[in-house]
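A.B. asks: Provided below: query.cif, containing mmCIF, C-alpha atoms and all ligand atoms.
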data_structure
#
loop_
_atom_site.group_PDB
_atom_site.id
_atom_site.type_symbol
_atom_site.label_atom_id
_atom_site.label_comp_id
_atom_site.auth_asym_id
_atom_site.auth_seq_id
_atom_site.Cartn_x
_atom_site.Cartn_y
_atom_site.Cartn_z
ATOM 1 C CA MET A 280 2.867 259.749 -169.187
ATOM 2 C CA ASP A 281 1.708 257.623 -172.081
ATOM 3 C CA ILE A 282 3.735 254.463 -172.760
ATOM 4 C CA HIS A 283 4.196 255.174 -176.470
ATOM 5 C CA LEU A 284 5.310 258.694 -175.755
ATOM 6 C CA PHE A 285 7.752 257.433 -173.137
ATOM 7 C CA GLU A 286 9.134 254.899 -175.612
ATOM 8 C CA SER A 287 9.583 257.432 -178.371
ATOM 9 C CA LYS A 288 10.812 260.390 -176.301
ATOM 10 C CA ILE A 289 12.815 258.835 -173.475
ATOM 11 C CA LEU A 290 13.882 255.406 -174.676
ATOM 12 C CA HIS A 291 16.119 254.469 -177.563
ATOM 13 C CA LEU A 292 13.820 252.080 -179.414
ATOM 14 C CA PRO A 293 14.203 250.131 -181.574
ATOM 15 C CA SER A 294 17.652 249.452 -180.207
ATOM 16 C CA PRO A 295 20.387 249.151 -182.848
ATOM 17 C CA ILE A 296 21.985 245.955 -184.126
ATOM 18 C CA GLN A 297 25.738 245.987 -184.507
ATOM 19 C CA GLU A 298 28.123 243.449 -186.010
ATOM 20 C CA LEU A 299 31.158 242.381 -183.987
ATOM 21 C CA ASN A 300 34.402 241.574 -185.731
ATOM 22 C CA HIS A 301 37.011 239.227 -184.345
ATOM 23 C CA SER A 302 39.568 236.893 -185.897
ATOM 24 C CA LEU A 303 37.968 234.047 -183.970
ATOM 25 C CA PHE A 304 34.685 234.549 -185.801
ATOM 26 C CA LYS A 305 36.454 234.623 -189.169
ATOM 27 C CA GLU A 306 38.302 231.393 -188.443
ATOM 28 C CA ALA A 307 35.093 229.673 -187.391
ATOM 29 C CA ASN A 308 33.246 231.194 -190.359
ATOM 30 C CA VAL A 309 30.437 232.647 -188.247
ATOM 31 C CA ARG A 310 29.037 236.153 -188.036
ATOM 32 C CA VAL A 311 28.158 237.697 -184.704
ATOM 33 C CA TYR A 312 25.744 240.563 -184.158
ATOM 34 C CA VAL A 313 24.680 242.313 -180.972
ATOM 35 C CA LYS A 314 21.221 243.687 -180.286
ATOM 36 C CA ARG A 315 22.136 246.748 -178.233
ATOM 37 C CA ASP A 316 19.337 246.714 -175.680
ATOM 38 C CA ASP A 317 21.898 248.187 -173.284
ATOM 39 C CA LEU A 318 21.388 251.445 -175.178
ATOM 40 C CA ILE A 319 17.630 251.580 -174.501
ATOM 41 C CA HIS A 320 18.152 253.717 -171.418
ATOM 42 C CA PRO A 321 20.911 254.282 -168.814
ATOM 43 C CA ILE A 322 18.636 253.291 -165.906
ATOM 44 C CA ILE A 323 16.017 250.891 -167.287
ATOM 45 C CA SER A 324 18.781 249.064 -168.967
ATOM 46 C CA GLY A 325 18.373 246.211 -171.395
ATOM 47 C CA ASN A 326 15.651 243.686 -170.836
ATOM 48 C CA LYS A 327 14.233 245.459 -167.798
ATOM 49 C CA TRP A 328 12.018 247.825 -169.774
ATOM 50 C CA ARG A 329 10.822 244.977 -171.977
ATOM 51 C CA LYS A 330 9.856 242.915 -168.908
ATOM 52 C CA LEU A 331 8.165 245.844 -167.114
ATOM 53 C CA ARG A 332 6.244 247.276 -170.028
ATOM 54 C CA GLU A 333 3.122 245.122 -169.749
ATOM 55 C CA TYR A 334 3.007 245.725 -165.995
ATOM 56 C CA ILE A 335 3.013 249.478 -166.564
ATOM 57 C CA ARG A 336 0.139 249.059 -168.971
ATOM 58 C CA LEU A 337 -1.736 247.096 -166.323
ATOM 59 C CA ALA A 338 -0.940 249.644 -163.616
ATOM 60 C CA LYS A 339 -2.347 252.421 -165.782
ATOM 61 C CA GLU A 340 -5.621 250.510 -165.980
ATOM 62 C CA PHE A 341 -5.700 250.216 -162.164
ATOM 63 C CA PRO A 342 -4.191 253.521 -161.087
ATOM 64 C CA GLN A 343 -5.035 253.045 -157.425
ATOM 65 C CA LEU A 344 -2.875 249.916 -157.111
ATOM 66 C CA PRO A 345 0.817 250.046 -156.259
ATOM 67 C CA ILE A 346 3.269 247.721 -157.988
ATOM 68 C CA VAL A 347 5.080 245.450 -155.536
ATOM 69 C CA SER A 348 8.224 243.499 -156.356
ATOM 70 C CA PHE A 349 11.197 241.755 -154.780
ATOM 71 C CA GLY A 350 14.942 241.721 -155.078
ATOM 72 C CA GLY A 351 18.366 241.928 -153.545
ATOM 73 C CA ALA A 352 19.988 245.202 -152.530
ATOM 74 C CA TYR A 353 21.591 245.542 -155.978
ATOM 75 C CA SER A 354 18.640 244.321 -158.052
ATOM 76 C CA ASN A 355 18.611 245.829 -161.562
ATOM 77 C CA HIS A 356 14.949 244.895 -161.738
ATOM 78 C CA LEU A 357 13.900 246.868 -158.630
ATOM 79 C CA TYR A 358 16.072 249.792 -159.617
ATOM 80 C CA ALA A 359 14.364 249.945 -163.011
ATOM 81 C CA LEU A 360 10.941 249.555 -161.405
ATOM 82 C CA ALA A 361 11.572 252.429 -158.991
ATOM 83 C CA TYR A 362 12.574 254.646 -161.889
ATOM 84 C CA VAL A 363 9.614 253.849 -164.143
ATOM 85 C CA GLY A 364 7.255 254.189 -161.167
ATOM 86 C CA HIS A 365 8.618 257.675 -160.689
ATOM 87 C CA GLU A 366 8.307 258.542 -164.386
ATOM 88 C CA PHE A 367 4.751 257.204 -164.705
ATOM 89 C CA LYS A 368 3.687 258.368 -161.236
ATOM 90 C CA ILE A 369 2.782 254.814 -160.265
ATOM 91 C CA PRO A 370 3.370 253.973 -156.591
ATOM 92 C CA THR A 371 5.953 251.205 -156.178
ATOM 93 C CA ILE A 372 6.946 249.039 -153.237
ATOM 94 C CA GLY A 373 10.257 247.182 -153.126
ATOM 95 C CA ILE A 374 10.720 244.237 -150.790
ATOM 96 C CA ILE A 375 14.414 243.813 -150.242
ATOM 97 C CA ARG A 376 16.346 240.819 -148.981
ATOM 98 C CA GLY A 377 18.306 241.723 -145.836
ATOM 99 C CA LYS A 378 16.717 242.911 -142.612
ATOM 100 C CA GLU A 379 20.015 244.524 -141.605
ATOM 101 C CA LEU A 380 19.872 246.973 -144.513
ATOM 102 C CA ASP A 381 18.248 250.366 -144.814
ATOM 103 C CA LYS A 382 17.792 252.964 -147.514
ATOM 104 C CA SER A 383 21.296 254.311 -146.974
ATOM 105 C CA SER A 384 23.048 250.941 -147.365
ATOM 106 C CA ASN A 385 24.039 251.648 -150.953
ATOM 107 C CA PRO A 386 23.570 254.456 -153.502
ATOM 108 C CA TYR A 387 21.042 252.423 -155.513
ATOM 109 C CA LEU A 388 18.718 251.953 -152.553
ATOM 110 C CA GLU A 389 19.059 255.609 -151.732
ATOM 111 C CA GLN A 390 18.163 256.549 -155.279
ATOM 112 C CA MET A 391 15.188 254.157 -155.297
ATOM 113 C CA PHE A 392 13.942 255.773 -152.108
ATOM 114 C CA ASN A 393 14.355 259.225 -153.638
ATOM 115 C CA TRP A 394 12.316 258.141 -156.656
ATOM 116 C CA GLY A 395 9.530 257.429 -154.207
ATOM 117 C CA MET A 396 9.695 253.653 -153.896
ATOM 118 C CA GLU A 397 8.474 252.407 -150.526
ATOM 119 C CA LEU A 398 11.231 250.111 -149.260
ATOM 120 C CA HIS A 399 10.745 247.136 -146.932
ATOM 121 C CA PHE A 400 13.707 245.160 -145.668
ATOM 122 C CA ILE A 401 12.971 241.587 -144.669
ATOM 123 C CA SER A 402 15.046 238.706 -143.321
ATOM 124 C CA ARG A 403 16.615 236.256 -145.716
ATOM 125 C CA GLN A 404 14.373 233.540 -144.308
ATOM 126 C CA ASP A 405 11.163 235.501 -144.851
ATOM 127 C CA TYR A 406 12.435 236.349 -148.295
ATOM 128 C CA ARG A 407 13.078 232.704 -149.128
ATOM 129 C CA GLU A 408 9.664 231.755 -147.855
ATOM 130 C CA LYS A 409 8.168 234.641 -149.811
ATOM 131 C CA ILE A 410 6.571 236.135 -146.713
ATOM 132 C CA SER A 411 5.529 239.584 -147.862
ATOM 133 C CA PRO A 412 4.901 242.372 -145.367
ATOM 134 C CA ILE A 413 2.400 243.911 -147.809
ATOM 135 C CA ASN A 414 -1.195 242.831 -147.466
ATOM 136 C CA LYS A 415 -3.079 245.420 -149.419
ATOM 137 C CA ASP A 416 -4.300 245.112 -152.993
ATOM 138 C CA SER A 417 -1.434 245.496 -155.407
ATOM 139 C CA ILE A 418 0.042 244.426 -158.710
ATOM 140 C CA LEU A 419 2.639 241.860 -157.807
ATOM 141 C CA ILE A 420 5.676 241.247 -159.988
ATOM 142 C CA PRO A 421 7.560 238.075 -159.028
ATOM 143 C CA GLU A 422 11.267 238.342 -158.291
ATOM 144 C CA GLY A 423 13.282 239.347 -161.357
ATOM 145 C CA GLY A 424 10.116 239.927 -163.394
ATOM 146 C CA TYR A 425 9.445 236.305 -164.220
ATOM 147 C CA SER A 426 5.815 235.790 -165.212
ATOM 148 C CA GLU A 427 3.671 235.377 -168.264
ATOM 149 C CA ILE A 428 3.062 239.150 -168.231
ATOM 150 C CA GLY A 429 6.811 239.761 -168.175
ATOM 151 C CA ILE A 430 7.342 237.298 -170.999
ATOM 152 C CA ASN A 431 4.725 239.019 -173.149
ATOM 153 C CA GLY A 432 6.792 242.193 -173.056
ATOM 154 C CA LEU A 433 9.369 240.420 -175.207
ATOM 155 C CA GLU A 434 7.035 240.547 -178.191
ATOM 156 C CA ASN A 435 8.356 244.021 -178.930
ATOM 157 C CA LEU A 436 11.890 242.691 -179.202
ATOM 158 C CA ALA A 437 10.641 240.115 -181.702
ATOM 159 C CA LEU A 438 8.905 242.845 -183.716
ATOM 160 C CA GLU A 439 12.122 244.840 -183.851
ATOM 161 C CA LEU A 440 13.873 241.774 -185.235
ATOM 162 C CA ALA A 441 11.235 240.992 -187.849
ATOM 163 C CA ASN A 442 13.637 241.697 -190.739
ATOM 164 C CA PHE A 443 16.636 240.035 -189.173
ATOM 165 C CA ASN A 444 16.928 236.289 -189.383
ATOM 166 C CA PRO A 445 19.920 234.959 -187.487
ATOM 167 C CA SER A 446 20.567 231.216 -187.190
ATOM 168 C CA TYR A 447 20.692 231.521 -183.386
ATOM 169 C CA ILE A 448 19.827 234.019 -180.691
ATOM 170 C CA ILE A 449 21.899 233.873 -177.531
ATOM 171 C CA THR A 450 21.177 235.647 -174.242
ATOM 172 C CA ALA A 451 22.150 235.674 -170.573
ATOM 173 C CA VAL A 452 19.710 233.970 -168.211
ATOM 174 C CA GLY A 453 18.629 235.096 -164.748
ATOM 175 C CA THR A 454 15.013 234.039 -164.300
ATOM 176 C CA GLY A 455 14.824 232.917 -167.933
ATOM 177 C CA THR A 456 12.064 235.431 -168.757
ATOM 178 C CA THR A 457 14.013 236.989 -171.606
ATOM 179 C CA ALA A 458 15.066 233.693 -173.194
ATOM 180 C CA LEU A 459 11.589 232.174 -172.850
ATOM 181 C CA GLY A 460 10.000 235.338 -174.229
ATOM 182 C CA ILE A 461 12.227 235.301 -177.301
ATOM 183 C CA ASN A 462 11.461 231.638 -177.743
ATOM 184 C CA LYS A 463 7.733 232.393 -177.560
ATOM 185 C CA PHE A 464 7.720 235.145 -180.156
ATOM 186 C CA MET A 465 10.424 234.066 -182.610
ATOM 187 C CA HIS A 466 10.978 230.906 -184.575
ATOM 188 C CA ILE A 467 14.716 230.907 -184.154
ATOM 189 C CA PRO A 468 16.703 228.567 -181.877
ATOM 190 C CA VAL A 469 17.473 230.297 -178.565
ATOM 191 C CA ILE A 470 20.559 229.583 -176.474
ATOM 192 C CA GLY A 471 20.459 230.707 -172.845
ATOM 193 C CA ILE A 472 23.687 231.126 -170.881
ATOM 194 C CA LEU A 473 22.896 230.547 -167.220
ATOM 195 C CA THR A 474 24.506 232.938 -164.728
ATOM 196 C CA LEU A 475 23.444 231.175 -161.538
ATOM 197 C CA ASN A 476 22.744 227.642 -160.394
ATOM 198 C CA ASN A 477 19.035 227.620 -161.161
ATOM 199 C CA LEU A 478 18.600 225.185 -164.027
ATOM 200 C CA ALA A 479 15.855 223.288 -162.152
ATOM 201 C CA GLU A 480 13.843 226.471 -161.670
ATOM 202 C CA ILE A 481 14.291 227.459 -165.308
ATOM 203 C CA LYS A 482 13.161 224.030 -166.482
ATOM 204 C CA GLN A 483 10.118 224.342 -164.263
ATOM 205 C CA HIS A 484 9.251 227.706 -165.816
ATOM 206 C CA GLU A 485 9.738 226.174 -169.239
ATOM 207 C CA ALA A 486 7.398 223.291 -168.429
ATOM 208 C CA GLU A 487 4.715 225.617 -166.969
ATOM 209 C CA LEU A 488 4.753 227.592 -170.197
ATOM 210 C CA ASN A 489 4.757 224.494 -172.365
ATOM 211 C CA SER A 490 7.842 225.954 -173.970
ATOM 212 C CA SER A 491 10.533 223.925 -175.702
ATOM 213 C CA GLY A 492 13.475 224.404 -178.013
ATOM 214 C CA THR A 493 15.683 226.607 -175.841
ATOM 215 C CA THR A 494 19.153 225.226 -175.192
ATOM 216 C CA TRP A 495 20.265 225.988 -171.625
ATOM 217 C CA ILE A 496 24.033 226.196 -171.131
ATOM 218 C CA THR A 497 25.385 225.787 -167.590
ATOM 219 C CA ASP A 498 29.118 225.796 -168.439
ATOM 220 C CA TYR A 499 29.711 229.472 -167.681
ATOM 221 C CA ILE A 500 28.093 229.951 -164.275
ATOM 222 C CA MET A 501 31.599 230.149 -162.747
ATOM 223 C CA GLY A 502 30.726 229.512 -159.140
ATOM 224 C CA LYS A 503 28.179 231.609 -157.387
ATOM 225 C CA TYR A 504 25.963 234.356 -158.759
ATOM 226 C CA ALA A 505 27.792 237.675 -158.972
ATOM 227 C CA LYS A 506 31.057 236.166 -157.727
ATOM 228 C CA GLU A 507 33.757 237.916 -159.694
ATOM 229 C CA THR A 508 36.574 235.851 -161.117
ATOM 230 C CA PRO A 509 39.776 237.328 -162.549
ATOM 231 C CA ILE A 510 39.176 235.542 -165.880
ATOM 232 C CA LEU A 511 35.815 237.194 -166.276
ATOM 233 C CA THR A 512 36.947 240.644 -165.167
ATOM 234 C CA GLN A 513 39.832 240.425 -167.615
ATOM 235 C CA PHE A 514 37.526 239.239 -170.381
ATOM 236 C CA CYS A 515 35.112 242.131 -169.818
ATOM 237 C CA GLN A 516 37.958 244.632 -170.019
ATOM 238 C CA SER A 517 39.430 243.268 -173.220
ATOM 239 C CA PHE A 518 35.973 242.940 -174.795
ATOM 240 C CA GLU A 519 35.326 246.595 -174.088
ATOM 241 C CA GLN A 520 38.694 247.570 -175.553
ATOM 242 C CA GLN A 521 38.052 245.591 -178.724
ATOM 243 C CA HIS A 522 34.449 246.507 -179.380
ATOM 244 C CA HIS A 523 33.843 249.665 -177.367
ATOM 245 C CA ILE A 524 30.853 247.986 -175.753
ATOM 246 C CA LYS A 525 30.654 247.801 -171.967
ATOM 247 C CA ILE A 526 29.793 244.468 -170.395
ATOM 248 C CA GLU A 527 29.748 243.379 -166.749
ATOM 249 C CA PRO A 528 30.748 240.114 -165.059
ATOM 250 C CA ILE A 529 27.311 239.178 -163.671
ATOM 251 C CA TYR A 530 25.305 238.666 -166.867
ATOM 252 C CA THR A 531 26.646 239.882 -170.173
ATOM 253 C CA GLY A 532 30.279 239.053 -169.317
ATOM 254 C CA LYS A 533 29.270 235.407 -168.945
ATOM 255 C CA LEU A 534 27.182 235.609 -172.106
ATOM 256 C CA PHE A 535 30.029 236.844 -174.301
ATOM 257 C CA TYR A 536 32.670 234.749 -172.576
ATOM 258 C CA GLY A 537 30.482 231.719 -173.230
ATOM 259 C CA LEU A 538 29.785 232.750 -176.799
ATOM 260 C CA TYR A 539 33.487 233.182 -177.592
ATOM 261 C CA ASP A 540 34.265 229.838 -175.994
ATOM 262 C CA MET A 541 31.487 228.020 -177.838
ATOM 263 C CA ILE A 542 32.653 229.496 -181.131
ATOM 264 C CA ALA A 543 36.252 228.493 -180.398
ATOM 265 C CA ARG A 544 35.061 224.952 -179.669
ATOM 266 C CA GLY A 545 33.258 224.752 -182.992
ATOM 267 C CA LYS A 546 29.764 224.542 -181.474
ATOM 268 C CA PHE A 547 28.216 226.544 -184.325
ATOM 269 C CA PRO A 548 27.999 225.223 -187.897
ATOM 270 C CA LYS A 549 30.030 227.156 -190.483
ATOM 271 C CA GLY A 550 28.052 229.948 -192.055
ATOM 272 C CA SER A 551 25.952 230.571 -188.918
ATOM 273 C CA THR A 552 24.810 234.041 -187.940
ATOM 274 C CA ILE A 553 24.488 234.529 -184.208
ATOM 275 C CA LEU A 554 22.620 237.391 -182.589
ATOM 276 C CA ALA A 555 23.598 238.101 -178.970
ATOM 277 C CA ILE A 556 21.186 240.162 -176.895
ATOM 278 C CA HIS A 557 23.013 242.754 -174.807
ATOM 279 C CA THR A 558 20.609 242.775 -171.856
ATOM 280 C CA GLY A 559 22.238 245.809 -170.250
ATOM 281 C CA GLY A 560 23.196 245.718 -166.596
ATOM 282 C CA ILE A 561 25.534 248.689 -166.481
ATOM 283 C CA LYS A 562 23.807 250.961 -164.031
ATOM 284 C CA LEU A 563 25.140 254.032 -162.318
ATOM 285 C CA PRO A 564 23.442 255.835 -159.489
ATOM 286 C CA ASN A 565 22.301 259.324 -160.491
HETATM 287 C C1 LIG B 601 18.032 241.030 -165.152
HETATM 288 C C2 LIG B 601 19.108 240.749 -166.137
HETATM 289 C C3 LIG B 601 19.176 239.537 -166.849
HETATM 290 C C4 LIG B 601 18.280 238.372 -166.548
HETATM 291 O O1 LIG B 601 17.184 238.315 -167.376
HETATM 292 P P1 LIG B 601 16.055 237.210 -167.168
HETATM 293 O O2 LIG B 601 14.973 237.676 -168.052
HETATM 294 O O3 LIG B 601 15.649 237.259 -165.717
HETATM 295 O O4 LIG B 601 16.602 235.899 -167.524
HETATM 296 C C5 LIG B 601 20.146 239.407 -167.829
HETATM 297 N N1 LIG B 601 21.025 240.400 -168.065
HETATM 298 C C6 LIG B 601 21.003 241.545 -167.384
HETATM 299 C C7 LIG B 601 22.031 242.573 -167.673
HETATM 300 C C8 LIG B 601 20.062 241.767 -166.386
HETATM 301 O O5 LIG B 601 20.076 242.915 -165.689
#
When written as C-alpha cells, how does the structure in this file appear?
C.D. replies:
Amino acid sequence: MDIHLFESKILHLPSPIQELNHSLFKEANVRVYVKRDDLIHPIISGNKWRKLREYIRLAKEFPQLPIVSFGGAYSNHLYALAYVGHEFKIPTIGIIRGKELDKSSNPYLEQMFNWGMELHFISRQDYREKISPINKDSILIPEGGYSEIGINGLENLALELANFNPSYIITAVGTGTTALGINKFMHIPVIGILTLNNLAEIKQHEAELNSSGTTWITDYIMGKYAKETPILTQFCQSFEQQHHIKIEPIYTGKLFYGLYDMIARGKFPKGSTILAIHTGGIKLPN
C-alpha cells in the first residue's frame, strides 16, 4: 500500500484538536486544548504512526530488508510496528526482553505473531547489552523509535498545527522522540513530562541533536515505569468521566495529572493557551 493512501483511507489524519473545560483552568485563566492523536488509529495509536512513518518510507525503498526493533512484552511501539508491517507487507522482526516468554505469553504478543512479526525472546542481560540475535541486513529501529528518522516523522504533526499557536505544547516522554521532534519543527516552548527515570538519557539525546528549549519535568514519574498508583488510576477514571477521553496511567495519565497540578500551582502565566498531545496508548488486542 502507498503511504498517502494508508493515511487518507485508514488513519484519522489530521487528528482533531479539542478544548477541555474545567473550573481549575478558569480560575488560573488558562485555556487547555488536546491534540487527539489517540484517534489516529486504534492500533497504531498516537505518536507511534508519526515515529514509524519515515521508516516505512525507507522500507519501501529497500523492499528486501526487514525492519527490526526492540521492546518489552507490552511495547506499544512493537505492537504498532507489527501491525504496519502487516498492512504494508514489510517483514518485521521484534526482539523482546524476557527469555522466559513466548508468543503465547500475552494477547499482544500473540497478535503480533499472527500479523507475521518474527519474534525473538532474549535475556534481560542481552537486552541491556543490546546483543541482537539478528545478523542479516535490516532496517534497525532503536528501542521505542528514538532516532533522527523517528524524530523527522514529527514534522507532520507540526504541519497539522500550522494554524494553531498555543503558548506551550506539553507531552508525555518515553524516549523523548516526540518532544524533541515537536521542538525541532515548531517554534513553541515544549514541556515534556517524564514517565520513567531516564532524564540522563533524554539529556544525552537532546545534546546529540543540538536541541534546546524543552523543559523536562520529573515531578510526575511516581516511582517506577508502569507502576500503577491509586492516585493515578483514580485520576484517569475521573478525567475520563469529565472529558469523555480515555487516558492510561503509564503515559497520558501522568501527562494530564502533571498538567492539572502545574496549572493548580500557577506554573503557567495568566492568558496562556496550552496544547497537550494525547499520544495514545490505549490498545486492545484484536
Ligand atoms: C510510546 C509512547 C510515548 C513515548 O513517546 P516518546 O516519543 O518515546 O517519548 C508516550 N505516550 C504514549 C501513549 C506512548 O505509547
A.B. asks: Would you tabulate, counting only C-alpha atoms and all ligand atoms, all residues of chain A that have an atom at most 9 Å from an atom of ligand LIG 601 (chain B), showing the closest pair of atoms and their distance in Å to one decimal, sorted by chain then ascending number, as CSV?
C.D. replies:
residue,atom,partner,partner_atom,distance
A:Asp317,CA,B:LIG601,C7,7.9
A:Ser324,CA,B:LIG601,O5,7.1
A:Gly325,CA,B:LIG601,C7,6.4
A:Asn326,CA,B:LIG601,C2,6.5
A:Lys327,CA,B:LIG601,C1,6.4
A:Lys330,CA,B:LIG601,O2,7.4
A:Ser354,CA,B:LIG601,C1,7.8
A:Asn355,CA,B:LIG601,O5,5.3
A:His356,CA,B:LIG601,C1,6.0
A:Glu422,CA,B:LIG601,O3,8.7
A:Gly423,CA,B:LIG601,O3,5.4
A:Gly424,CA,B:LIG601,O3,6.6
A:Tyr425,CA,B:LIG601,O3,6.5
A:Gly429,CA,B:LIG601,O2,8.4
A:Ile430,CA,B:LIG601,O2,8.2
A:Thr450,CA,B:LIG601,C5,7.5
A:Ala451,CA,B:LIG601,C5,5.0
A:Val452,CA,B:LIG601,O4,3.7
A:Gly453,CA,B:LIG601,O4,3.5
A:Thr454,CA,B:LIG601,O3,3.6
A:Gly455,CA,B:LIG601,O4,3.5
A:Thr456,CA,B:LIG601,O2,3.7
A:Thr457,CA,B:LIG601,O2,3.7
A:Ala458,CA,B:LIG601,O4,6.3
A:Leu459,CA,B:LIG601,O2,8.0
A:Gly460,CA,B:LIG601,O2,8.3
A:Gly471,CA,B:LIG601,O4,8.4
A:Leu473,CA,B:LIG601,O4,8.3
A:Thr474,CA,B:LIG601,C5,8.4
A:Ile526,CA,B:LIG601,C7,8.4
A:Glu527,CA,B:LIG601,C7,7.8
A:Ile529,CA,B:LIG601,C7,7.4
A:Tyr530,CA,B:LIG601,N1,4.8
A:Thr531,CA,B:LIG601,C7,5.9
A:Leu534,CA,B:LIG601,N1,8.8
A:Ile556,CA,B:LIG601,N1,8.8
A:His557,CA,B:LIG601,C7,7.2
A:Thr558,CA,B:LIG601,C7,4.4
A:Gly559,CA,B:LIG601,C7,4.1
A:Gly560,CA,B:LIG601,C7,3.5
A:Ile561,CA,B:LIG601,C7,7.1
A.B. asks: Just the residues within 10 Å of segment 401-407 of chain A, please, counting all atoms listed in the file, with nothing from its chain fewer than 5 positions along; format it as a PDB file with C-alpha atoms, in the frame of the given file.
C.D. replies:
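After the write, part10.pdb holds the following:
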ATOM      1  CA  PHE A 349      11.197 241.755-154.780  1.00  0.00           C
ATOM      2  CA  GLY A 350      14.942 241.721-155.078  1.00  0.00           C
ATOM      3  CA  GLY A 351      18.366 241.928-153.545  1.00  0.00           C
ATOM      4  CA  ILE A 374      10.720 244.237-150.790  1.00  0.00           C
ATOM      5  CA  ILE A 375      14.414 243.813-150.242  1.00  0.00           C
ATOM      6  CA  ARG A 376      16.346 240.819-148.981  1.00  0.00           C
ATOM      7  CA  GLY A 377      18.306 241.723-145.836  1.00  0.00           C
ATOM      8  CA  LYS A 378      16.717 242.911-142.612  1.00  0.00           C
ATOM      9  CA  GLU A 379      20.015 244.524-141.605  1.00  0.00           C
ATOM     10  CA  LEU A 380      19.872 246.973-144.513  1.00  0.00           C
ATOM     11  CA  PRO A 412       4.901 242.372-145.367  1.00  0.00           C
TER      12      PRO A 412
END
A.B. asks: Report as a PyMOL selection string all protein, DNA and RNA residues lying within 7 Å of Gly395 of chain A, evaluated on all atoms listed in the file, omitting residues in the same chain fewer than 3 positions from it.
C.D. replies: chain A and resi 365+391-392
A.B. asks: List, as number ranges by chain, every residue that the PyMOL selection byres (((chain A and resi 361) around 12) and not hetatm) selects in the file provided.
C.D. replies: A: 322-323, 327-328, 331, 335, 345-350, 354-360, 362-374, 387-398
A.B. asks: Which is closer to Ser491 of chain A than all the others in A:Lys463, A:Asn476, A:Gln516, A:Ser446, using only C-alpha atoms?
C.D. replies: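 The shortest atom-to-atom distance to Ser491 of chain A comes from A:Lys463.
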A.B. asks: Between A:Val311, A:Ile282, A:Leu475, A:Leu344, single out the one closest to Lys506 of chain A, counting all atoms listed in the file.
C.D. replies: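 Checking each of A:Val311, A:Ile282, A:Leu475, A:Leu344 against Lys506 of chain A, counting all atoms listed in the file, the winner is A:Leu475.
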A.B. asks: Kindly indicate which residue among A:Pro421, A:Arg332, A:Phe464, A:Tyr504 lies nearest to Lys409 of chain A, using only C-alpha atoms for the distances.
C.D. replies: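 Looking only at the distances to Lys409 of chain A, the closest residue turns out to be A:Pro421.
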A.B. asks: From the list A:Ile428, A:Ile418, A:Ala555, A:Ala505, which residue is nearest Glu298 of chain A when using only C-alpha atoms?
C.D. replies: A:Ala555
A.B. asks: Atom CA of Ile524 of chain A and atom CA of Thr508 of chain A, how far apart in Å?
C.D. replies: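 Between atom CA of Thr508 of chain A and atom CA of Ile524 of chain A the gap is 19.9 Å.
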A.B. asks: Taking all atoms listed in the file into account, name the residue in A:Ala352, A:Ile472, A:Leu337, A:Ala543 that is nearest to Gly432 of chain A.
C.D. replies: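 Once distances to Gly432 of chain A are computed over all atoms listed in the file, the minimum belongs to A:Leu337.
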A.B. asks: Residues within 8 Å of Ser294 of chain A, please, as a list of chain:residue names. Count only C-alpha atoms; anything in the same chain fewer than 6 positions from it doesn't count.
C.D. replies: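 That gives A:Lys314, A:Arg315, A:Asp316, A:Leu318, A:Ile319.
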A.B. asks: From the set A:Gly492, A:His320, A:Leu554, A:Gln343, which residue has the shortest atom-to-atom contact distance to Leu538 of chain A, counting all atoms listed in the file?
C.D. replies: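 Closest to Leu538 of chain A of all the choices is A:Leu554.
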A.B. asks: Hey, can I get the axis-aligned box for segment 356-369 of chain A? All listed atoms, 6 Å padding on each side, centre and edge lengths in Å to one decimal, as lines of an AutoDock Vina configuration file.
C.D. replies:
center_x = 9.4
center_y = 251.7
center_z = -161.7
size_x = 25.3
size_y = 25.6
size_z = 18.1
A.B. asks: Let me know the residues the PyMOL selection byres (((chain A and resi 553) around 12) and not hetatm) catches in the file above, as a PyMOL selection string.
C.D. replies: chain A and resi 296-299+304+308-314+443-450+467-470+535+538-539+541-542+546-552+554-556
A.B. asks: Keeping C-alpha atoms for every residue in the selection just given, could you write it to a file as a short mmCIF file (atom, residue, chain, number, x, y, z; two decimals), in the frame of the given file?
C.D. replies:
data_model
loop_
_atom_site.label_atom_id
_atom_site.label_comp_id
_atom_site.auth_asym_id
_atom_site.auth_seq_id
_atom_site.Cartn_x
_atom_site.Cartn_y
_atom_site.Cartn_z
CA ILE A 296 21.98 245.96 -184.13
CA GLN A 297 25.74 245.99 -184.51
CA GLU A 298 28.12 243.45 -186.01
CA LEU A 299 31.16 242.38 -183.99
CA PHE A 304 34.68 234.55 -185.80
CA ASN A 308 33.25 231.19 -190.36
CA VAL A 309 30.44 232.65 -188.25
CA ARG A 310 29.04 236.15 -188.04
CA VAL A 311 28.16 237.70 -184.70
CA TYR A 312 25.74 240.56 -184.16
CA VAL A 313 24.68 242.31 -180.97
CA LYS A 314 21.22 243.69 -180.29
CA PHE A 443 16.64 240.04 -189.17
CA ASN A 444 16.93 236.29 -189.38
CA PRO A 445 19.92 234.96 -187.49
CA SER A 446 20.57 231.22 -187.19
CA TYR A 447 20.69 231.52 -183.39
CA ILE A 448 19.83 234.02 -180.69
CA ILE A 449 21.90 233.87 -177.53
CA THR A 450 21.18 235.65 -174.24
CA ILE A 467 14.72 230.91 -184.15
CA PRO A 468 16.70 228.57 -181.88
CA VAL A 469 17.47 230.30 -178.56
CA ILE A 470 20.56 229.58 -176.47
CA PHE A 535 30.03 236.84 -174.30
CA LEU A 538 29.78 232.75 -176.80
CA TYR A 539 33.49 233.18 -177.59
CA MET A 541 31.49 228.02 -177.84
CA ILE A 542 32.65 229.50 -181.13
CA LYS A 546 29.76 224.54 -181.47
CA PHE A 547 28.22 226.54 -184.32
CA PRO A 548 28.00 225.22 -187.90
CA LYS A 549 30.03 227.16 -190.48
CA GLY A 550 28.05 229.95 -192.06
CA SER A 551 25.95 230.57 -188.92
CA THR A 552 24.81 234.04 -187.94
CA LEU A 554 22.62 237.39 -182.59
CA ALA A 555 23.60 238.10 -178.97
CA ILE A 556 21.19 240.16 -176.90
#
A.B. asks: When you draw a straight line from atom CA of Ile420 of chain A to atom CA of Ser383 of chain A, how long is it in Å?
C.D. replies: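 Between atom CA of Ile420 of chain A and atom CA of Ser383 of chain A the gap works out to 24.2 Å.
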